[in-house]
>>> print(open('final_28.csv').read())   # CSV, C-alpha atoms
chain,number,residue,atom,x,y,z
Q,1,MET,CA,9.3,-3.6,-17.8
Q,2,TRP,CA,5.7,-4.2,-16.8
Q,3,ASN,CA,2.6,-2.2,-17.3
Q,4,LEU,CA,0.3,-1.2,-14.6
Q,5,PHE,CA,-2.8,0.9,-15.4
Q,6,GLY,CA,-1.1,2.8,-18.2
Q,7,LYS,CA,2.2,3.2,-16.4
Q,8,SER,CA,5.3,1.5,-17.8
Q,9,LEU,CA,7.4,0.4,-14.8
Q,10,LYS,CA,10.9,-1.1,-14.5
Q,11,SER,CA,10.8,-1.9,-10.8
Q,12,ARG,CA,8.5,-4.5,-9.2
Q,13,LEU,CA,9.2,-3.3,-5.7
Q,14,LEU,CA,6.5,-1.1,-4.1
Q,15,LEU,CA,8.0,0.7,-1.2
Q,16,GLY,CA,6.4,2.2,2.0
Q,17,THR,CA,7.6,5.5,3.4
Q,18,SER,CA,7.0,5.0,7.1
Q,19,ARG,CA,9.4,4.4,10.1
Q,20,TYR,CA,12.6,5.5,8.4
Q,21,PRO,CA,15.2,7.1,10.7
Q,22,SER,CA,15.2,10.4,8.8
Q,23,PRO,CA,13.7,12.0,5.6
Q,24,GLU,CA,17.2,11.8,4.0
Q,25,VAL,CA,17.4,8.0,4.6
Q,26,LEU,CA,13.9,7.6,3.2
Q,27,LYS,CA,14.8,9.6,0.1
Q,28,ASN,CA,18.0,7.6,-0.5
Q,29,SER,CA,16.2,4.3,0.1
Q,30,ILE,CA,13.7,5.1,-2.5
Q,31,ALA,CA,16.4,6.1,-4.9
Q,32,PHE,CA,18.5,3.0,-4.3
Q,33,SER,CA,15.5,0.7,-4.4
Q,34,GLY,CA,14.6,1.9,-7.9
Q,35,SER,CA,11.0,1.7,-6.7
Q,36,GLU,CA,8.5,3.7,-8.8
Q,37,ILE,CA,5.5,3.2,-6.6
Q,38,ILE,CA,5.6,4.6,-3.1
Q,39,THR,CA,2.9,4.2,-0.5
Q,40,VAL,CA,1.7,7.2,1.5
Q,41,SER,CA,-1.1,7.9,4.1
Q,42,LEU,CA,-3.2,10.7,5.5
Q,43,ARG,CA,-3.0,11.7,9.1
Q,44,ARG,CA,-4.5,14.5,11.2
Q,45,ASN,CA,-2.8,17.8,10.5
Q,46,SER,CA,-1.1,19.2,13.5
Q,47,GLY,CA,1.1,21.9,12.0
Q,48,GLY,CA,0.6,25.1,10.1
Q,49,GLU,CA,1.8,25.7,6.6
Q,50,GLY,CA,3.5,23.4,4.2
Q,51,ASN,CA,4.3,19.7,4.3
Q,52,PRO,CA,8.0,18.9,3.8
Q,53,PHE,CA,7.3,15.1,3.4
Q,54,TRP,CA,4.9,15.7,0.5
Q,55,GLU,CA,7.2,18.3,-1.1
Q,56,MET,CA,10.1,15.8,-1.0
Q,57,LEU,CA,8.1,13.0,-2.6
Q,58,ASN,CA,6.8,15.3,-5.3
Q,59,ALA,CA,10.3,16.2,-6.2
Q,60,LEU,CA,11.2,12.5,-6.6
Q,61,LYS,CA,8.6,12.1,-9.5
Q,62,VAL,CA,7.4,8.7,-8.3
Q,63,ASN,CA,3.9,7.3,-8.5
Q,64,VAL,CA,2.1,7.5,-5.2
Q,65,LEU,CA,-0.2,4.9,-3.8
Q,66,PRO,CA,-2.2,6.4,-0.9
Q,67,ASN,CA,-3.5,3.9,1.7
Q,68,THR,CA,-6.5,3.9,4.0
Q,69,ALA,CA,-4.4,2.5,6.9
Q,70,GLY,CA,-6.1,2.4,10.2
Q,71,CYS,CA,-9.7,2.4,8.8
Q,72,HIS,CA,-12.0,0.0,10.5
Q,73,SER,CA,-15.2,0.6,8.6
Q,74,VAL,CA,-16.5,1.0,5.1
Q,75,GLU,CA,-17.4,4.7,5.8
Q,76,GLU,CA,-14.0,5.5,7.2
Q,77,ALA,CA,-12.2,3.9,4.2
Q,78,VAL,CA,-14.4,5.5,1.6
Q,79,THR,CA,-14.0,9.0,3.1
Q,80,THR,CA,-10.3,8.6,3.5
Q,81,ALA,CA,-10.0,7.4,-0.1
Q,82,GLN,CA,-11.9,10.5,-1.3
Q,83,MET,CA,-9.6,12.8,0.7
Q,84,ALA,CA,-6.6,11.0,-0.6
Q,85,ARG,CA,-7.7,11.4,-4.2
Q,86,GLU,CA,-8.1,15.1,-3.7
Q,87,ILE,CA,-4.7,15.6,-2.1
Q,88,PHE,CA,-2.6,13.2,-4.0
Q,89,LYS,CA,-4.4,13.7,-7.3
Q,90,THR,CA,-4.5,10.0,-8.2
Q,91,ASN,CA,-7.3,7.5,-8.4
Q,92,TRP,CA,-4.9,4.7,-7.2
Q,93,LEU,CA,-5.8,3.5,-3.7
Q,94,LYS,CA,-4.4,0.8,-1.4
Q,95,LEU,CA,-7.6,-0.1,0.3
Q,96,GLU,CA,-7.2,-1.3,3.9
Q,97,VAL,CA,-10.1,-2.1,6.1
Q,98,ILE,CA,-8.8,-3.6,9.3
Q,99,GLY,CA,-10.9,-6.3,11.0
Q,100,ASP,CA,-8.6,-7.3,13.8
Q,101,ASP,CA,-6.2,-5.0,15.6
Q,102,TYR,CA,-3.9,-7.7,16.9
Q,103,THR,CA,-3.0,-9.2,13.5
Q,104,LEU,CA,-4.1,-6.2,11.4
Q,105,ARG,CA,-6.1,-8.8,9.4
Q,106,PRO,CA,-8.4,-7.2,6.9
Q,107,ASP,CA,-12.1,-7.4,7.3
Q,108,PRO,CA,-13.1,-9.3,4.2
Q,109,VAL,CA,-16.8,-8.3,4.2
Q,110,ALA,CA,-16.1,-4.6,4.7
Q,111,LEU,CA,-13.3,-4.7,2.2
Q,112,VAL,CA,-15.5,-6.0,-0.6
Q,113,GLU,CA,-18.2,-3.5,0.2
Q,114,ALA,CA,-15.8,-0.6,0.2
Q,115,ALA,CA,-14.1,-1.8,-3.0
Q,116,GLU,CA,-17.4,-1.9,-4.8
Q,117,ILE,CA,-18.2,1.7,-3.8
Q,118,LEU,CA,-14.8,3.0,-4.7
Q,119,CYS,CA,-14.5,1.1,-8.0
Q,120,LYS,CA,-17.9,2.6,-9.1
Q,121,ASP,CA,-16.5,6.0,-8.1
Q,122,GLY,CA,-13.6,5.7,-10.5
Q,123,PHE,CA,-10.9,4.5,-8.1
Q,124,GLU,CA,-8.2,1.9,-9.1
Q,125,VAL,CA,-8.4,-0.1,-6.0
Q,126,PHE,CA,-5.4,-2.1,-4.8
Q,127,PRO,CA,-7.0,-4.2,-2.0
Q,128,TYR,CA,-4.9,-5.3,0.9
Q,129,MET,CA,-6.4,-8.8,1.5
Q,130,THR,CA,-5.7,-12.2,2.9
Q,131,GLU,CA,-4.8,-15.0,0.5
Q,132,ASP,CA,-8.4,-16.3,0.4
Q,133,LEU,CA,-9.5,-17.5,-3.0
Q,134,VAL,CA,-13.2,-16.7,-2.6
Q,135,LEU,CA,-12.4,-13.2,-1.3
Q,136,ALA,CA,-10.2,-12.7,-4.4
Q,137,GLU,CA,-13.1,-13.6,-6.6
Q,138,LYS,CA,-15.5,-11.2,-4.8
Q,139,LEU,CA,-13.0,-8.4,-5.1
Q,140,LEU,CA,-12.6,-8.9,-8.8
Q,141,GLU,CA,-16.4,-9.0,-9.1
Q,142,ALA,CA,-16.5,-5.7,-7.2
Q,143,GLY,CA,-14.3,-4.1,-9.9
Q,144,CYS,CA,-10.7,-4.5,-8.7
Q,145,ASN,CA,-8.2,-5.0,-11.4
Q,146,ILE,CA,-5.3,-5.9,-9.1
Q,147,LEU,CA,-5.0,-7.9,-5.9
Q,148,MET,CA,-2.6,-7.5,-3.0
Q,149,PRO,CA,-2.6,-10.6,-0.8
Q,150,TRP,CA,-0.6,-10.5,2.4
Q,151,ALA,CA,2.4,-12.7,3.0
Q,152,SER,CA,1.7,-12.6,6.8
Q,153,PRO,CA,0.6,-9.8,9.2
Q,154,ILE,CA,1.8,-6.3,8.6
Q,155,GLY,CA,5.2,-5.5,10.2
Q,156,SER,CA,5.7,-9.1,11.4
Q,157,GLY,CA,8.5,-10.0,9.1
Q,158,GLN,CA,7.3,-13.6,9.1
Q,159,GLY,CA,7.5,-14.0,5.4
Q,160,ILE,CA,5.1,-16.1,3.4
Q,161,ALA,CA,3.0,-17.9,6.0
Q,162,ASN,CA,0.9,-19.9,3.6
Q,163,PRO,CA,2.8,-20.5,0.3
Q,164,PHE,CA,0.2,-23.1,-0.8
Q,165,ALA,CA,-2.6,-20.6,-0.6
Q,166,LEU,CA,-0.7,-17.9,-2.4
Q,167,LYS,CA,0.3,-20.3,-5.2
Q,168,THR,CA,-3.3,-21.4,-5.5
Q,169,LEU,CA,-4.4,-17.8,-5.8
Q,170,ARG,CA,-1.8,-17.0,-8.3
Q,171,ASP,CA,-2.6,-20.1,-10.5
Q,172,LYS,CA,-6.4,-19.5,-10.2
Q,173,PHE,CA,-6.2,-15.9,-11.7
Q,174,PRO,CA,-3.1,-15.9,-14.0
Q,175,GLU,CA,-4.2,-12.8,-15.8
Q,176,VAL,CA,-4.8,-10.6,-12.8
Q,177,PRO,CA,-1.8,-8.5,-11.6
Q,178,MET,CA,-1.0,-9.5,-8.0
Q,179,VAL,CA,1.4,-7.9,-5.6
Q,180,VAL,CA,2.3,-9.6,-2.3
Q,181,ASP,CA,1.9,-7.0,0.4
Q,182,ALA,CA,2.8,-7.1,4.1
Q,183,GLY,CA,4.8,-9.5,6.3
Q,184,ILE,CA,7.9,-9.6,4.2
Q,185,GLY,CA,11.0,-9.6,6.5
Q,186,SER,CA,14.0,-10.4,4.3
Q,187,PRO,CA,15.1,-10.3,0.7
Q,188,SER,CA,14.7,-14.1,0.4
Q,189,HIS,CA,11.0,-13.8,1.3
Q,190,ALA,CA,10.5,-11.3,-1.5
Q,191,ALA,CA,12.4,-13.5,-4.0
Q,192,PHE,CA,10.2,-16.4,-3.0
Q,193,ALA,CA,7.1,-14.4,-3.7
Q,194,MET,CA,8.4,-13.5,-7.1
Q,195,GLU,CA,9.4,-17.2,-7.8
Q,196,LEU,CA,5.7,-18.1,-7.1
Q,197,GLY,CA,4.8,-15.8,-10.1
Q,198,PHE,CA,3.6,-12.7,-8.4
Q,199,ASP,CA,4.0,-9.4,-10.3
Q,200,GLY,CA,5.5,-7.4,-7.5
Q,201,VAL,CA,6.1,-7.1,-3.7
Q,202,LEU,CA,5.1,-4.2,-1.4
Q,203,LEU,CA,7.1,-3.8,1.8
Q,204,ASN,CA,8.1,-1.1,4.3
Q,205,THR,CA,9.2,-2.2,7.7
Q,206,ALA,CA,11.9,-4.6,6.6
Q,207,VAL,CA,13.7,-1.8,4.8
Q,208,ALA,CA,12.9,1.1,7.2
Q,209,THR,CA,13.9,-0.6,10.4
Q,210,SER,CA,17.0,-2.3,9.2
Q,211,ILE,CA,20.4,-1.0,10.3
Q,212,ASP,CA,21.2,0.3,6.9
Q,213,PRO,CA,17.9,1.0,5.1
Q,214,VAL,CA,19.5,2.3,1.9
Q,215,LYS,CA,21.5,-0.9,1.5
Q,216,MET,CA,18.5,-3.1,2.4
Q,217,ALA,CA,16.4,-1.3,-0.2
Q,218,ARG,CA,18.9,-2.2,-2.8
Q,219,ALA,CA,19.0,-5.8,-1.5
Q,220,PHE,CA,15.3,-6.1,-1.9
Q,221,ALA,CA,15.4,-4.7,-5.4
Q,222,LEU,CA,18.0,-7.3,-6.4
Q,223,SER,CA,16.2,-10.2,-4.8
Q,224,ILE,CA,12.9,-9.2,-6.5
Q,225,GLU,CA,14.6,-9.0,-9.9
Q,226,GLY,CA,16.3,-12.4,-9.2
Q,227,GLY,CA,13.1,-14.0,-8.1
Q,228,ARG,CA,11.3,-12.7,-11.2
Q,229,GLN,CA,14.0,-14.0,-13.6
Q,230,GLY,CA,13.9,-17.3,-11.8
Q,231,TYR,CA,10.2,-17.6,-12.3
Q,232,LEU,CA,10.4,-16.7,-15.9
Q,233,SER,CA,13.2,-19.2,-16.5
Q,234,GLY,CA,11.1,-22.1,-15.2
Q,235,LEU,CA,12.1,-23.5,-11.8
Q,236,MET,CA,13.0,-27.2,-11.7
Q,237,GLU,CA,10.5,-29.6,-10.0
Q,238,LYS,CA,11.4,-30.7,-6.5
Q,239,ARG,CA,12.3,-34.4,-6.0
Q,240,ASP,CA,12.4,-36.6,-3.0
Q,241,PHE,CA,15.7,-38.2,-4.1
Q,242,ALA,CA,19.1,-37.2,-5.2
Q,243,ILE,CA,20.3,-37.1,-8.8
Q,244,PRO,CA,24.0,-36.4,-9.3
Q,245,SER,CA,24.6,-33.4,-11.5
Q,246,THR,CA,28.1,-34.7,-12.6
Q,247,PRO,CA,27.8,-37.5,-15.1
Q,248,VAL,CA,28.2,-41.0,-13.6
Q,249,VAL,CA,29.5,-42.6,-16.7
Q,250,GLY,CA,33.2,-42.3,-16.8
Q,251,THR,CA,33.6,-41.8,-13.1
Q,252,PRO,CA,37.2,-42.9,-12.2
Q,253,PHE,CA,37.3,-46.2,-10.2
Q,254,TRP,CA,33.6,-46.9,-11.1
Q,255,HIS,CA,32.9,-50.6,-10.7
Q,256,ASN,CA,36.6,-51.1,-10.3
Q,257,VAL,CA,36.4,-53.4,-7.4
K,1,MET,CA,-19.7,27.5,18.0
K,2,GLN,CA,-18.2,24.4,19.5
K,3,LEU,CA,-16.5,22.1,17.0
K,4,SER,CA,-14.4,19.0,17.3
K,5,ILE,CA,-11.3,19.6,15.3
K,6,ASN,CA,-9.2,16.5,14.9
K,7,GLY,CA,-10.7,15.1,18.1
K,8,HIS,CA,-10.2,18.2,20.2
K,9,LEU,CA,-13.1,20.4,21.2
K,10,GLN,CA,-12.7,24.1,20.3
K,11,ASN,CA,-14.9,27.2,20.5
K,12,LEU,CA,-14.5,29.2,17.3
K,13,GLU,CA,-16.4,32.0,15.7
K,14,VAL,CA,-16.5,30.6,12.2
K,15,LYS,CA,-19.4,29.7,9.8
K,16,THR,CA,-17.7,27.9,6.9
K,17,ILE,CA,-14.8,25.6,6.4
K,18,GLU,CA,-13.0,28.3,4.6
K,19,GLU,CA,-13.3,30.5,7.6
K,20,LEU,CA,-12.2,27.7,9.9
K,21,LEU,CA,-9.0,27.0,7.9
K,22,ILE,CA,-8.1,30.7,7.9
K,23,ASN,CA,-8.8,30.9,11.7
K,24,LEU,CA,-6.5,27.9,12.3
K,25,ASN,CA,-3.9,29.3,9.9
K,26,LYS,CA,-3.9,26.3,7.6
K,27,LYS,CA,-3.2,26.4,3.9
K,28,PRO,CA,-5.8,24.3,2.0
K,29,GLU,CA,-3.2,23.2,-0.5
K,30,PHE,CA,-1.8,20.4,1.7
K,31,LEU,CA,-5.1,19.5,3.4
K,32,ALA,CA,-8.3,17.5,2.9
K,33,VAL,CA,-11.3,17.8,5.1
K,34,ALA,CA,-14.2,15.5,6.3
K,35,VAL,CA,-17.1,16.7,8.4
K,36,ASN,CA,-19.0,14.0,10.4
K,37,LYS,CA,-17.1,11.3,8.5
K,38,LYS,CA,-18.2,12.7,5.0
K,39,PHE,CA,-15.6,14.1,2.6
K,40,VAL,CA,-16.0,17.8,1.7
K,41,ALA,CA,-14.3,18.8,-1.6
K,42,LYS,CA,-12.1,21.9,-1.6
K,43,ASN,CA,-14.3,23.8,-4.1
K,44,ILE,CA,-17.1,24.0,-1.6
K,45,TYR,CA,-15.1,25.2,1.5
K,46,PRO,CA,-16.4,28.8,1.0
K,47,GLU,CA,-20.1,27.7,1.1
K,48,TYR,CA,-20.1,24.7,3.4
K,49,GLN,CA,-21.9,25.8,6.6
K,50,LEU,CA,-20.6,24.3,9.8
K,51,SER,CA,-23.0,23.4,12.6
K,52,GLU,CA,-22.7,23.2,16.4
K,53,GLY,CA,-21.0,20.0,17.4
K,54,ASP,CA,-19.7,19.1,14.0
K,55,HIS,CA,-16.7,16.7,14.0
K,56,VAL,CA,-14.2,18.1,11.6
K,57,GLU,CA,-11.2,16.0,10.4
K,58,ILE,CA,-8.3,17.9,8.7
K,59,VAL,CA,-5.7,15.6,7.2
K,60,THR,CA,-2.4,16.0,5.4
K,61,PRO,CA,0.1,13.7,3.6
K,62,HIS,CA,2.0,11.5,5.9
K,63,PRO,CA,4.4,8.6,5.5
K,64,GLY,CA,2.6,5.2,5.2
K,65,GLY,CA,3.1,1.6,4.3
>>> encode(input="final_28.csv", output="structure tokens")
Amino acid sequence: MWNLFGKSLKSRLLLGTSRYPSPEVLKNSIAFSGSEIITVSLRRNSGGEGNPFWEMLNALKVNVLPNTAGCHSVEEAVTTAQMAREIFKTNWLKLEVIGDDYTLRPDPVALVEAAEILCKDGFEVFPYMTEDLVLAEKLLEAGCNILMPWASPIGSGQGIANPFALKTLRDKFPEVPMVVDAGIGSPSHAAFAMELGFDGVLLNTAVATSIDPVKMARAFALSIEGGRQGYLSGLMEKRDFAIPSTPVVGTPFWHNV
Amino acid sequence: MQLSINGHLQNLEVKTIEELLINLNKKPEFLAVAVNKKFVAKNIYPEYQLSEGDHVEIVTPHPGG
């Protein structure tokens, strides 16, 4: 169990809801992942009445984390956040301000500015950020109580591109909740993030675009739990030489030339 | 009055956001609105006066990552 802004959570997997082959697969993937925090977005309304997607998520009784995906400026992000708070009735917000369309790399300057405005307005801002240490410091000063550094670009499946920087970030702010968000491609990537001491992992594409999303959702849940337990157990130090695990003393034929 | 609704120009005989949503047959329950990139809260839809050329964004919950 872990606690996040007053919510007691069993799962450390935060799951995105996009790109699934069908609503039914999405629903089952959420259920089998055990995830209790689900990301959602806002897009232009094109239909008339009702919203089957939102009605389905409401029925699942999960916590929703609205994003500002696609926003490229402070103004767009702040307005999208305000619209999200009204519709989803939560002050949680995954803040995305994109600076580069090719890599979907966040704009650090706009991110801090938007975070400051939104934190002052009562939002609990989950900033999607690079693993930059100074940026982390600025976001905390802006009022963020959680950080979400990327593993690698969104949807790339590259895994953790810079483990040294992520580890440095984790060690620098041990008390700050941190979730690795974006770029996770396989359960082993997620386990690695957890072994580094992160509090959770947010992913979407790796589950949604797999051949069997429901099974993959479960695989991620298990790997995240495994990585967490590994971290808590204390991982052994790496060595540059071999040490036999079976005792040498008493080895048959030892020194029996 | 000519308005840009979700990026499409439309000529509509409406004065307020409330009238606009009724005209477009949209239920406010599942929507949020911004005019000229500024958020407009639901409780002021009846009194919010639209102006010629306003850019109105009407958004709804959608899957996201």
>>> closest_residue(input="final_28.csv", among="K:Asn23, K:Asn43, K:His8, K:Pro61", to="chain Q", atoms="only C-alpha atoms")
K:Pro61
>>> residues_around(input="final_28.csv", residues="Lys38 of chain K", least_positions_apart="6", cutoff="10 Å", atoms="only C-alpha atoms", output="short mmCIF file (atom, residue, chain, number, x, y, z; two decimals) with C-alpha atoms, in the coordinates of the input")
data_model
loop_
_atom_site.label_atom_id
_atom_site.label_comp_id
_atom_site.auth_asym_id
_atom_site.auth_seq_id
_atom_site.Cartn_x
_atom_site.Cartn_y
_atom_site.Cartn_z
CA GLU Q 75 -17.40 4.70 5.80
CA GLU Q 76 -14.00 5.50 7.20
CA VAL Q 78 -14.40 5.50 1.60
CA THR Q 79 -14.00 9.00 3.10
CA THR Q 80 -10.30 8.60 3.50
CA GLN Q 82 -11.90 10.50 -1.30
CA MET Q 83 -9.60 12.80 0.70
CA HIS K 55 -16.70 16.70 14.00
CA VAL K 56 -14.20 18.10 11.60
CA GLU K 57 -11.20 16.00 10.40
#
>>> atom_distance(input="final_28.csv", atom1="atom CA of Tyr102 of chain Q", atom2="atom CA of Pro21 of chain Q")
24.9 Å
>>> interface_residues(input="final_28.csv", of="chain K", to="chain Q", cutoff="7 Å", atoms="only C-alpha atoms", output="VMD selection string")
chain K and resid 6 25 to 27 30 to 33 37 to 39 57 to 65
>>> atom_distance(input="final_28.csv", atom1="atom CA of His72 of chain Q", atom2="atom CA of Ile117 of chain Q")
15.7 Å
>>> closest_residue(input="final_28.csv", among="K:Asp54, K:Glu47, K:Glu13, K:Glu18", to="Val35 of chain K", atoms="all atoms listed in the file")
K:Asp54
>>> closest_residue(input="final_28.csv", among="K:Leu3, K:Leu12, K:Pro28, K:Leu20", to="Ala41 of chain K", atoms="only C-alpha atoms")
K:Pro28
>>> residues_around(input="final_28.csv", residues="Ala221 of chain Q", least_positions_apart="4", cutoff="9 Å", atoms="only C-alpha atoms", output="VMD selection string")
chain Q and resid 11 to 13 32 to 35 187 216 to 217 225 to 226
>>> closest_residue(input="final_28.csv", among="K:Leu24, K:Glu29, K:Ala34, K:Thr16", to="Leu50 of chain K", atoms="only C-alpha atoms")
K:Thr16
>>> atom_distance(input="final_28.csv", atom1="atom CA of Lys27 of chain Q", atom2="atom CA of Cys71 of chain Q")
27.0 Å
>>> residues_around(input="final_28.csv", residues="Gln49 of chain K", least_positions_apart="3", cutoff="10 Å", atoms="all atoms listed in the file", output="list in words")
Val14, Lys15, Thr16, Ile17, Glu18, Glu19, Ile44, Tyr45 and Pro46 of chain K
>>> axis_aligned_box(input="final_28.csv", around="segment 51-57 of chain K", padding_each_side="6 Å", output="JSON")
{"center_x": -17.1, "center_y": 19.7, "center_z": 13.9, "size_x": 23.8, "size_y": 19.4, "size_z": 19.0}
>>> residues_near_point(input="final_28.csv", point="(2.7, -12.3, -0.1)", cutoff="10 Å", atoms="only C-alpha atoms", output="VMD selection string")
chain Q and resid 129 to 131 148 to 153 159 to 163 165 to 167 178 to 184 189 to 190 192 to 194 196 198 200 to 203
>>> closest_residue(input="final_28.csv", among="Q:Glu36, Q:Glu113, Q:Glu96, Q:Glu195", to="Asn3 of chain Q", atoms="only C-alpha atoms")
Q:Glu36
